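*Asks:* So here's target-v2.txt, just compact mmCIF, C-alpha atoms:
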# COMPACT_ATOMS: atom_id res chain seq x y z
CA MET H 1 5.49 42.25 -31.41
CA LYS H 2 5.92 40.01 -28.45
CA ASN H 3 7.07 37.21 -30.68
CA TYR H 4 4.55 34.74 -29.37
CA ILE H 5 4.76 32.30 -32.26
CA GLU H 6 8.52 31.86 -32.17
CA ARG H 7 8.53 31.54 -28.40
CA TYR H 8 5.77 28.93 -28.56
CA VAL H 9 7.50 26.88 -31.22
CA TYR H 10 10.75 27.07 -29.26
CA ASP H 11 9.07 25.93 -26.03
CA VAL H 12 7.60 22.89 -27.77
CA VAL H 13 10.66 21.95 -29.73
CA ARG H 14 13.18 22.16 -26.88
CA ARG H 15 11.44 19.21 -25.21
CA LEU H 16 11.98 16.96 -28.19
CA PRO H 17 15.02 14.92 -29.17
CA GLU H 18 17.50 16.97 -31.13
CA LYS H 19 17.16 15.14 -34.41
CA ASN H 20 13.50 16.03 -34.68
CA ARG H 21 13.76 19.68 -33.75
CA GLU H 22 14.38 21.44 -37.06
CA GLU H 23 11.66 19.53 -38.87
CA VAL H 24 9.05 19.99 -36.15
CA LYS H 25 9.92 23.67 -35.91
CA LYS H 26 9.29 24.24 -39.63
CA GLU H 27 6.10 22.21 -39.59
CA LEU H 28 4.66 23.76 -36.47
CA ARG H 29 5.43 27.26 -37.66
CA ALA H 30 3.68 26.58 -40.97
CA ASN H 31 0.67 25.05 -39.23
CA ILE H 32 0.28 27.95 -36.86
CA GLN H 33 0.54 30.50 -39.64
CA ASP H 34 -2.10 28.60 -41.61
CA MET H 35 -4.45 28.89 -38.66
CA LEU H 36 -4.05 32.68 -38.66
CA SER H 37 -5.21 35.36 -41.06
CA ASP H 38 -2.68 37.29 -43.14
CA ASN H 39 -2.15 40.10 -40.67
CA PRO H 40 -3.05 38.60 -37.37
CA THR H 41 -3.62 40.70 -34.30
CA GLU H 42 -2.01 39.79 -31.01
CA GLU H 43 -5.41 38.62 -29.77
CA GLU H 44 -5.75 36.22 -32.66
CA ILE H 45 -2.30 34.79 -32.17
CA LYS H 46 -2.84 34.23 -28.47
CA SER H 47 -6.17 32.57 -29.15
CA VAL H 48 -4.73 30.15 -31.70
CA LEU H 49 -1.82 29.27 -29.43
CA THR H 50 -4.25 28.63 -26.56
CA GLU H 51 -6.19 26.34 -28.85
CA LEU H 52 -3.06 24.37 -29.63
CA GLY H 53 -2.54 23.88 -25.92
CA ALA H 54 0.36 24.01 -23.48
CA PRO H 55 3.73 23.37 -25.14
CA ARG H 56 4.40 20.68 -22.55
CA LYS H 57 1.31 18.80 -23.65
CA LEU H 58 1.92 19.24 -27.35
CA ALA H 59 5.47 17.93 -26.95
CA THR H 60 4.08 14.85 -25.19
CA ASN H 61 1.86 14.20 -28.20
CA TYR H 62 4.85 14.47 -30.52
CA ARG H 63 6.72 11.83 -28.57
CA GLU H 64 6.23 8.24 -29.53
CA LYS H 65 6.49 6.54 -26.16
CA PRO H 66 5.23 7.65 -22.74
CA ARG H 67 8.11 8.52 -20.44
CA TYR H 68 8.12 7.81 -16.71
CA LEU H 69 10.88 7.80 -14.16
CA ILE H 70 9.00 5.08 -12.33
CA SER H 71 6.14 3.60 -14.32
CA PRO H 72 2.65 2.92 -12.92
CA GLU H 73 3.59 -0.75 -12.75
CA PHE H 74 6.22 -0.21 -10.06
CA ILE H 75 4.96 2.91 -8.36
CA ASP H 76 3.06 1.08 -5.63
CA ASP H 77 6.01 -1.08 -4.62
CA TYR H 78 8.25 1.97 -4.80
CA LEU H 79 6.06 3.98 -2.44
CA TYR H 80 5.82 1.05 -0.04
CA VAL H 81 9.58 0.51 0.16
CA LEU H 82 10.15 4.24 0.36
CA LYS H 83 7.81 4.57 3.33
CA LEU H 84 9.55 1.73 5.13
CA VAL H 85 13.09 2.92 4.57
CA LEU H 86 12.28 6.55 5.26
CA ILE H 87 11.16 5.49 8.71
CA ILE H 88 14.16 3.33 9.52
CA ALA H 89 17.14 5.24 8.17
CA PRO H 90 16.45 8.74 9.47
CA THR H 91 15.43 7.36 12.89
CA ILE H 92 18.74 5.58 13.22
CA THR H 93 20.60 8.64 12.06
CA PHE H 94 18.69 10.83 14.48
CA VAL H 95 19.37 8.61 17.47
CA ILE H 96 23.04 8.22 16.65
CA SER H 97 23.32 11.94 16.16
CA VAL H 98 21.72 12.54 19.55
CA ILE H 99 24.04 10.01 21.18
CA ASN H 100 27.03 11.77 19.68
CA ALA H 101 25.75 15.01 21.10
CA ILE H 102 25.24 13.54 24.56
CA VAL H 103 28.69 12.05 24.57
CA ASN H 104 30.27 15.38 23.86
CA PRO H 105 30.19 17.53 26.99
CA ASP H 106 30.63 20.78 25.16
CA SER H 107 27.49 20.25 23.17
CA ALA H 108 25.37 22.06 25.74
CA ALA H 109 28.01 24.24 27.36
CA ASN H 110 26.16 27.37 26.39
CA ILE H 111 23.28 28.51 24.26
CA GLN H 112 25.46 28.86 21.20
CA ALA H 113 26.79 25.33 21.47
CA LEU H 114 23.29 24.01 22.11
CA VAL H 115 21.96 25.67 18.98
CA GLN H 116 24.90 24.26 17.06
CA THR H 117 24.21 20.80 18.40
CA ILE H 118 20.54 20.91 17.54
CA SER H 119 21.27 22.12 14.05
CA THR H 120 23.80 19.33 13.55
CA ILE H 121 21.25 16.76 14.61
CA PHE H 122 18.73 18.32 12.29
CA VAL H 123 21.13 18.46 9.33
CA ASP H 124 22.29 14.86 9.83
CA THR H 125 18.72 13.61 9.90
CA ALA H 126 17.73 15.70 6.88
CA GLN H 127 20.75 14.43 4.95
CA SER H 128 19.83 10.87 5.80
CA ILE H 129 16.29 11.43 4.50
CA MET H 130 17.50 12.95 1.26
CA PHE H 131 20.12 10.31 0.61
CA THR H 132 17.71 7.46 1.33
CA PHE H 133 15.10 9.00 -0.95
CA ALA H 134 17.60 9.42 -3.78
CA LEU H 135 18.97 5.90 -3.41
CA ILE H 136 15.58 4.15 -3.39
CA THR H 137 14.34 6.26 -6.32
CA PHE H 138 17.48 5.45 -8.28
CA ILE H 139 17.17 1.73 -7.60
CA PHE H 140 13.55 1.63 -8.71
CA ALA H 141 14.22 3.73 -11.79
CA MET H 142 16.86 1.17 -12.78
CA ILE H 143 14.48 -1.73 -12.12
CA ASP H 144 11.84 0.00 -14.26
CA ARG H 145 14.33 0.63 -17.02
CA SER H 146 15.53 -2.94 -17.18
CA LYS H 147 11.95 -4.19 -17.22
CA LYS H 148 11.24 -1.89 -20.15
CA GLN H 149 14.27 -3.25 -21.96
CA GLY H 150 12.79 -6.68 -21.60
CA ARG H 151 15.10 -8.06 -18.97
CA GLY H 152 13.82 -9.62 -15.76
CA LYS H 153 11.54 -12.61 -15.32
CA ASP H 154 7.89 -12.60 -16.18
CA TRP H 155 5.41 -12.94 -13.38
CA ASN H 156 3.89 -16.33 -12.82
CA PRO H 157 1.47 -17.64 -10.19
CA ASP H 158 4.26 -19.22 -8.11
CA TYR H 159 5.25 -15.74 -7.01
CA LEU H 160 1.95 -15.15 -5.24
CA PRO H 161 2.17 -14.50 -1.50
CA GLN H 162 0.06 -16.55 0.88
CA ILE H 163 -3.17 -15.03 2.11
CA PRO H 164 -2.89 -14.03 5.76
CA LYS H 165 -5.56 -15.97 7.60
CA SER H 166 -7.32 -13.86 10.15
CA THR H 167 -7.90 -15.48 13.52
CA ASN H 168 -6.53 -14.84 16.97
CA LEU H 169 -3.75 -17.32 16.50
CA ASN H 170 -2.35 -15.25 13.73
CA ILE H 171 0.04 -12.38 13.81
CA PRO H 172 -1.41 -9.16 12.39
CA GLN H 173 0.78 -7.98 9.59
CA ARG H 174 1.09 -4.44 10.86
CA LYS H 175 2.38 -5.70 14.19
CA ALA H 176 4.90 -7.95 12.51
CA ILE H 177 6.19 -5.14 10.35
CA ALA H 178 6.33 -2.70 13.24
CA SER H 179 8.23 -5.08 15.50
CA THR H 180 10.64 -5.92 12.70
CA ILE H 181 11.43 -2.27 12.17
CA ILE H 182 11.75 -1.61 15.90
CA THR H 183 13.98 -4.63 16.43
CA PHE H 184 16.20 -3.54 13.61
CA ILE H 185 16.52 0.04 14.82
CA PHE H 186 17.04 -1.06 18.42
CA SER H 187 19.67 -3.68 17.58
CA PHE H 188 21.51 -1.26 15.37
CA ILE H 189 21.66 1.36 18.09
CA ILE H 190 22.85 -1.08 20.76
CA VAL H 191 25.54 -2.47 18.51
CA PHE H 192 26.61 1.06 17.71
CA ILE H 193 26.86 1.93 21.39
CA LEU H 194 28.92 -1.15 22.11
CA VAL H 195 31.21 -0.82 19.14
CA LYS H 196 32.07 2.74 19.91
CA ASN H 197 32.02 1.86 23.58
CA VAL H 198 29.92 4.92 24.17
CA THR H 199 28.97 3.58 27.57
CA TYR H 200 29.44 6.82 29.43
CA PHE H 201 26.83 6.52 32.07
CA MET H 202 27.77 9.55 34.05
CA TRP H 203 28.86 13.12 33.85
CA TYR H 204 31.12 14.76 36.31
CA ASP H 205 31.39 18.40 37.11
CA ILE H 206 35.14 18.85 37.55
CA ASP H 207 36.18 22.35 38.30
CA GLY H 208 33.22 23.82 36.52
CA GLN H 209 33.66 21.73 33.39
CA TRP H 210 31.52 18.76 32.44
CA ILE H 211 33.68 15.77 31.77
CA LYS H 212 32.30 12.47 30.60
CA SER H 213 33.04 9.51 32.79
CA GLU H 214 35.23 6.61 31.92
CA PRO H 215 33.45 4.05 29.80
CA ALA H 216 31.61 1.67 32.10
CA PHE H 217 32.66 -1.37 30.14
CA ASN H 218 36.13 -2.62 29.37
CA SER H 219 36.80 -2.29 25.67
CA ASN H 220 38.58 -5.63 25.27
CA ILE H 221 35.80 -7.56 26.96
CA VAL H 222 33.17 -5.75 24.90
CA ASN H 223 35.06 -6.48 21.70
CA MET H 224 35.41 -10.11 22.69
CA PHE H 225 31.68 -10.46 23.07
CA LEU H 226 30.75 -8.30 20.14
CA PRO H 227 30.60 -11.03 17.47
CA ILE H 228 28.29 -13.24 19.52
CA ILE H 229 26.15 -10.25 20.48
CA ILE H 230 25.79 -9.32 16.82
CA ILE H 231 24.92 -12.92 15.97
CA SER H 232 22.28 -12.87 18.68
CA PHE H 233 20.74 -9.75 17.15
CA ILE H 234 20.83 -11.27 13.70
CA VAL H 235 19.00 -14.35 14.98
CA SER H 236 16.46 -12.09 16.62
CA PHE H 237 16.03 -10.27 13.32
CA ILE H 238 15.59 -13.57 11.51
CA LYS H 239 12.90 -14.41 14.06
CA GLN H 240 11.07 -11.21 13.09
CA LEU H 241 11.37 -12.07 9.41
CA VAL H 242 10.01 -15.56 9.98
CA LYS H 243 7.09 -14.09 11.91
CA LEU H 244 6.53 -11.68 9.05
CA LYS H 245 6.53 -14.43 6.49
CA GLU H 246 4.46 -16.97 8.39
CA LEU H 247 2.06 -14.47 9.95
CA SER H 248 0.77 -17.08 12.35
CA TRP H 249 1.88 -18.81 15.53
CA ASN H 250 2.96 -22.05 14.01
CA MET H 251 5.72 -24.51 14.83
CA ARG H 252 8.33 -22.69 12.80
CA VAL H 253 7.69 -19.42 14.56
CA ALA H 254 7.75 -21.13 17.97
CA VAL H 255 11.07 -22.84 17.28
CA ILE H 256 12.84 -19.77 15.99
CA THR H 257 11.42 -17.66 18.81
CA THR H 258 12.73 -20.16 21.36
CA ILE H 259 16.18 -20.28 19.81
CA SER H 260 16.35 -16.51 19.50
CA SER H 261 15.11 -15.73 23.01
CA VAL H 262 17.22 -18.36 24.74
CA LEU H 263 20.31 -17.29 22.82
CA ALA H 264 19.73 -13.64 23.63
CA LEU H 265 19.16 -14.40 27.31
CA VAL H 266 22.27 -16.58 27.62
CA VAL H 267 24.48 -14.12 25.79
CA PHE H 268 23.17 -11.27 27.90
CA ILE H 269 23.65 -13.09 31.23
CA VAL H 270 27.14 -14.31 30.40
CA PHE H 271 28.19 -10.92 29.08
CA ILE H 272 26.86 -8.79 31.88
CA ASN H 273 28.23 -11.12 34.55
CA TYR H 274 31.63 -11.58 33.00
CA SER H 275 34.30 -10.69 35.52
CA GLY H 276 36.35 -7.86 34.20
CA LEU H 277 33.55 -6.38 32.15
CA ILE H 278 33.15 -3.37 34.35
CA ASN H 279 35.97 -0.95 33.85
CA ASN H 280 37.97 -0.45 37.02
CA ALA H 281 38.72 3.13 36.14
CA PHE H 282 35.01 3.75 35.94
CA ILE H 283 34.46 2.28 39.43
CA VAL H 284 37.29 4.24 40.96
CA GLN H 285 36.13 7.48 39.40
CA ALA H 286 32.48 6.99 40.20
CA SER H 287 33.03 5.89 43.76
CA SER H 288 35.19 8.87 44.55
CA HIS H 289 32.58 11.25 43.16
CA LEU H 290 29.70 9.50 44.86
CA ASP H 291 31.55 9.43 48.11
CA ILE H 292 31.28 5.70 48.76
CA SER H 293 33.88 3.00 48.74
CA ALA H 294 34.75 1.24 45.51
CA ASN H 295 33.77 -2.11 46.96
CA ALA H 296 30.37 -0.85 48.04
CA LEU H 297 29.76 0.51 44.59
CA LEU H 298 30.83 -2.73 42.98
CA ASP H 299 28.52 -4.73 45.24
CA GLY H 300 25.67 -2.42 44.46
CA ILE H 301 26.26 -2.79 40.75
CA LYS H 302 26.50 -6.57 41.01
CA THR H 303 23.21 -6.70 42.88
CA GLY H 304 21.59 -4.53 40.26
CA ILE H 305 22.89 -6.79 37.51
CA THR H 306 21.56 -9.87 39.26
CA VAL H 307 18.13 -8.29 39.55
CA ILE H 308 18.13 -7.38 35.88
CA CYS H 309 19.16 -10.91 34.90
CA VAL H 310 16.38 -12.44 36.96
CA LEU H 311 13.86 -10.08 35.41
CA ALA H 312 15.17 -10.88 31.94
CA GLY H 313 14.92 -14.58 32.68
CA ILE H 314 11.34 -14.24 33.90
CA GLY H 315 10.41 -12.11 30.91
CA THR H 316 11.89 -14.59 28.47
CA GLY H 317 10.16 -17.42 30.32
CA PHE H 318 6.78 -15.75 29.94
CA GLU H 319 7.40 -15.01 26.29
CA LEU H 320 8.22 -18.64 25.59
CA ILE H 321 5.25 -19.96 27.56
CA GLU H 322 2.93 -17.62 25.68
CA THR H 323 4.38 -18.61 22.33
CA TRP H 324 4.13 -22.36 22.94
CA LEU H 325 0.61 -22.08 24.32
CA LYS H 326 -0.48 -20.38 21.12
CA VAL H 327 1.18 -23.05 19.04
CA LEU H 328 -0.44 -25.87 21.00
CA LYS H 329 -3.84 -24.24 20.73
CA ARG H 330 -3.61 -24.44 16.97
CA LYS H 331 -3.21 -28.19 16.94
CA MET V 1 -25.08 12.47 -14.11
CA ASP V 2 -21.50 13.59 -13.73
CA LYS V 3 -20.71 15.62 -16.87
CA SER V 4 -16.99 14.96 -16.70
CA LEU V 5 -17.59 11.20 -16.65
CA TYR V 6 -19.54 11.49 -19.88
CA GLN V 7 -16.82 13.67 -21.38
CA ASN V 8 -14.07 11.23 -20.47
CA TYR V 9 -15.78 8.21 -21.95
CA SER V 10 -16.99 10.12 -24.96
CA ILE V 11 -13.46 11.26 -25.74
CA GLU V 12 -12.15 7.73 -25.32
CA LEU V 13 -14.76 6.43 -27.73
CA ARG V 14 -13.76 8.99 -30.34
CA ARG V 15 -10.05 8.44 -29.80
CA GLY V 16 -10.46 4.93 -31.15
CA THR V 17 -11.78 6.28 -34.44
CA GLN V 18 -9.15 8.99 -34.87
CA LEU V 19 -6.77 6.94 -36.96
CA LEU V 20 -9.50 5.81 -39.32
CA SER V 21 -10.79 9.35 -39.72
CA VAL V 22 -7.38 10.73 -40.58
CA LEU V 23 -6.15 7.96 -42.85
CA SER V 24 -9.38 7.91 -44.82
CA GLN V 25 -9.05 11.58 -45.76
CA LEU V 26 -5.51 11.45 -47.07
CA ASP V 27 -6.05 10.06 -50.54
CA ASP V 28 -5.36 13.57 -51.77
CA LYS V 29 -2.39 15.56 -50.60
CA GLU V 30 -3.25 17.70 -47.60
CA TYR V 31 -1.29 19.91 -45.23
CA GLY V 32 -2.01 20.11 -41.51
CA TYR V 33 -4.51 22.93 -41.56
CA SER V 34 -6.31 21.86 -44.73
CA LEU V 35 -6.86 18.41 -43.24
CA LEU V 36 -8.15 19.99 -40.05
CA GLN V 37 -10.64 22.01 -42.09
CA LYS V 38 -11.66 19.02 -44.19
CA LEU V 39 -12.48 17.05 -41.05
CA THR V 40 -14.31 19.96 -39.42
CA ASP V 41 -16.43 20.40 -42.56
CA LYS V 42 -17.45 16.77 -42.21
CA ASN V 43 -18.28 17.40 -38.54
CA VAL V 44 -15.36 15.43 -37.18
CA ASN V 45 -13.63 17.43 -34.47
CA ILE V 46 -10.03 16.53 -33.78
CA GLU V 47 -8.00 19.08 -31.89
CA ALA V 48 -5.14 20.73 -33.75
CA GLY V 49 -2.76 19.82 -30.92
CA THR V 50 -3.65 16.17 -31.46
CA LEU V 51 -3.80 16.11 -35.24
CA TYR V 52 -0.42 17.65 -36.09
CA PRO V 53 1.67 15.30 -33.97
CA LEU V 54 -0.46 12.40 -35.18
CA LEU V 55 0.49 13.12 -38.79
CA ARG V 56 4.18 13.04 -37.88
CA ARG V 57 3.79 9.76 -36.01
CA LEU V 58 1.95 8.16 -38.93
CA GLU V 59 4.76 9.23 -41.22
CA THR V 60 7.32 7.63 -38.89
CA GLN V 61 5.28 4.45 -39.09
CA GLU V 62 5.39 4.75 -42.90
CA LEU V 63 1.62 4.93 -43.23
CA LEU V 64 1.93 8.42 -44.70
CA LYS V 65 4.41 10.10 -47.01
CA SER V 66 5.21 13.77 -47.03
CA GLU V 67 6.73 16.44 -49.21
CA TRP V 68 7.50 20.08 -48.66
CA ASP V 69 5.93 22.49 -51.13
CA THR V 70 8.16 25.53 -51.43
CA SER V 71 6.47 26.98 -54.51
CA GLU V 72 4.12 29.25 -52.58
CA SER V 73 5.10 32.20 -50.43
CA ARG V 74 4.78 30.01 -47.39
CA PRO V 75 6.45 26.57 -47.41
CA ARG V 76 4.00 23.84 -46.46
CA LYS V 77 4.39 20.16 -45.62
CA TYR V 78 1.91 18.01 -47.53
CA TYR V 79 0.94 14.52 -46.36
CA TYR V 80 -0.64 11.71 -48.40
CA ILE V 81 -1.35 8.07 -47.75
CA SER V 82 1.32 5.49 -48.65
CA GLU V 83 0.87 2.00 -50.10
CA GLU V 84 1.24 0.40 -46.66
CA GLY V 85 -1.20 3.00 -45.38
CA LYS V 86 -3.75 2.03 -48.02
CA GLU V 87 -3.46 -1.64 -47.10
CA LEU V 88 -3.84 -0.88 -43.39
CA LEU V 89 -6.80 1.36 -44.13
CA LYS V 90 -8.56 -1.39 -46.04
CA GLU V 91 -8.10 -3.84 -43.18
CA LEU V 92 -9.16 -1.29 -40.57
CA ILE V 93 -12.32 -0.45 -42.51
CA GLU V 94 -13.22 -4.14 -42.53
CA GLU V 95 -12.54 -4.27 -38.79
CA TRP V 96 -14.68 -1.18 -38.33
CA ASN V 97 -17.63 -2.72 -40.18
CA THR V 98 -17.33 -5.82 -38.02
CA ILE V 99 -17.36 -3.67 -34.90
CA VAL V 100 -20.44 -1.80 -36.09
CA LYS V 101 -22.23 -5.10 -36.68
CA GLU V 102 -21.22 -6.41 -33.25
CA MET V 103 -22.30 -3.23 -31.51
CA ASN V 104 -25.62 -3.18 -33.31
CA GLN V 105 -26.22 -6.69 -32.11
CA LEU V 106 -25.30 -5.80 -28.54
CA LEU V 107 -27.22 -2.55 -28.43
CA GLY V 108 -29.86 -3.20 -31.04
CA GLY V 109 -32.35 -5.14 -28.94
CA GLU V 110 -32.29 -2.62 -26.03
CA ASP V 111 -34.93 -0.03 -25.39
CA LEU V 112 -32.83 3.14 -25.39
As structure tokens, how would this structure be written, given the file I've shared?

*Replies:*
Amino acid sequence: MKNYIERYVYDVVRRLPEKNREEVKKELRANIQDMLSDNPTEEEIKSVLTELGAPRKLATNYREKPRYLISPEFIDDYLYVLKLVLIIAPTITFVISVINAIVNPDSAANIQALVQTISTIFVDTAQSIMFTFALITFIFAMIDRSKKQGRGKDWNPDYLPQIPKSTNLNIPQRKAIASTIITFIFSFIIVFILVKNVTYFMWYDIDGQWIKSEPAFNSNIVNMFLPIIIISFIVSFIKQLVKLKELSWNMRVAVITTISSVLALVVFIVFINYSGLINNAFIVQASSHLDISANALLDGIKTGITVICVLAGIGTGFELIETWLKVLKRK
Amino acid sequence: MDKSLYQNYSIELRRGTQLLSVLSQLDDKEYGYSLLQKLTDKNVNIEAGTLYPLLRRLETQELLKSEWDTSESRPRKYYYISEEGKELLKELIEEWNTIVKEMNQLLGGEDL
């Protein structure tokens, strides 16, 4: 006797709250036996149990309220947020992981180390994905739960978002979202590089071993500028958010774009031209390896910086002209 | 016509009448299987997997009362309608008659 009835009853009852189990067990057993003849064959038993349906389903019917981790009401928002965050967080983790690998000369010393490095990058990124997923799911499950318990405000028409108007003088939503994400990732990475002063621009082969160069920038100068650099990125991020909210080239967007771009340009020019930014040790080391004089190298770098600043200035100029033209067209 | 579409809507239509069907047959004491049979004899087909849990739920809502009969060789749980159940049944029957009238009005004039 393969004990089908008892196993069936058990499989149903274990999914129910403990206080109901004994009662349901007795009842279900009695009901099943009623549906069978006095000496049922195995065939008969299996047929009746199939008629009753999967234990999972039967248990659902016994329960009074439907149970969801995240109810249909919130599932759309959940999936949307999840998609967004699962793009941002693992990308950042991946890039930082790669930077860490680059900075460490031994990471590619031989095949073994290379494999190790790749697997570390992979594991870090995978961990980031899993953690992000768990965190977002947890947050939404809590939101769902508190809604069910009656907390939280009721929806009313004031919460409605504006309709994006679709003409050429409007910002497509996808573009706004994409540039917000990219700005965020990019800013985060740059800040990370500066904070850790991972500005090793060169590798040197010294006696057969790869040694990273001195950091190109002086730590104290970098740290001095760091707050204003971070502020500049935050303003730039705010600009993206405003664009996202307004979704059109209006006055507000133009103003914040101007402030953000001008601020970023000024901060960049002052920072990159600050005397004492470039680490002397870096210059000395690089010039000796490149076989040119330190002064020549310094001049070369200064020229390069000037060129970059001019280009940045021109680029910002064009951006501002374009933005204001769009705004004026709307009037 | 898509058969499954018909099945889905047909089941939904019947689900609305389940409560009425069950409550109306519990003037006498019945146990799970006997009720199932009673309904089948009257050509009302509710699945066993739906009926048994439904009886428990109705008891939790105090529309039914129950008692275990241990006199026979097999102990059985008998259900019967409670006073609240009778009141609810009366009101639901009135509601049902109203619905029938409304539907006849809606559907009556159509050439089907």

*Asks:* Pick out the closest residue to chain H from this set: V:Leu23, V:Leu39, V:Val44, V:Leu51. Count all atoms listed in the file.

*Replies:* V:Leu51

*Asks:* Counting only C-alpha atoms, which residue out of H:Ile272, H:Ala89, H:Val13, H:Ala101 sits closest to Ala113 in chain H?

*Replies:* H:Ala101

*Asks:* Once you count all atoms listed in the file, which residues of chain V turn out to be within 8 Å of chain H? Could you give them as a PyMOL selection string?

*Replies:* chain V and resi 32-33+47-50+52-54+56-57+74-77

*Asks:* Quick one, how far is CA of Asp11 in chain H from CA of Leu64 in chain V?

*Replies:*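 These atoms are spaced 26.6 Å apart.
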
*Asks:* Rank V:Lys3, V:Arg15, V:Lys38, V:Lys65 by their smallest atom-to-atom distance to Lys86 in chain V, using only C-alpha atoms, and report the top residue only.

*Replies:* V:Lys65

*Asks:* May I have the residues within 12 Å of Ser82 in chain V as JSON, numbers by chain, using all atoms listed in the file and disregarding those fewer than 4 positions away in the same chain?

*Replies:* {"V": [23, 24, 26, 27, 28, 29, 58, 59, 60, 61, 62, 63, 64, 65, 66, 86, 87, 88, 89]}

*Asks:* Compile the contact shell of Phe133 in chain H as a PyMOL selection string: residues with an atom at most 9 Å away, counting all atoms listed in the file, same-chain residues fewer than 3 positions apart removed.

*Replies:* chain H and resi 82+85-86+128-130+136-138

*Asks:* In Å, rounded to a single decimal, give me how far CA of Glu72 in chain V is from CA of Tyr4 in chain H.

*Replies:* 23.9 Å

*Asks:* In Å, rounded to a single decimal, give me how far CA of Lys46 in chain H is from CA of Tyr8 in chain H.

*Replies:*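 So the two atoms, CA of Tyr8 in chain H and CA of Lys46 in chain H, lie 10.1 Å apart.
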
*Asks:* Any idea what's packed within 12 Å of Glu91 in chain V, counting only C-alpha atoms, ignoring anything in its chain fewer than 6 positions away? Could you give it as a PyMOL selection string?

*Replies:* chain V and resi 20+23-24+84-85+97-98

*Asks:* Nearest to Asn280 in chain H among H:Ser97, H:Asn295, H:Asn170, H:Gln116, with distances taken over only C-alpha atoms: which residue is it?

*Replies:*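 Nearest candidate to Asn280 in chain H out of H:Ser97, H:Asn295, H:Asn170, H:Gln116: H:Asn295.
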
*Asks:* Have a look at H:Val327, H:Gly313, H:Leu290, H:Ser213 and name the one nearest to Asn250 in chain H; count all atoms listed in the file.

*Replies:* H:Val327

*Asks:* Would you pick out the contacts of Ile305 in chain H at 12 Å or less, using only C-alpha atoms, so that residues sharing its chain but fewer than 5 positions from it are not included, and give the list as a VMD selection string?

*Replies:* chain H and resid 268 to 274 277 to 278 298 to 300 310 to 312

*Asks:* From the list H:Asn20, H:Ser288, H:Ser219, H:Thr180, which residue is nearest Phe237 in chain H when using only C-alpha atoms?

*Replies:*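 The shortest atom-to-atom distance to Phe237 in chain H comes from H:Thr180.
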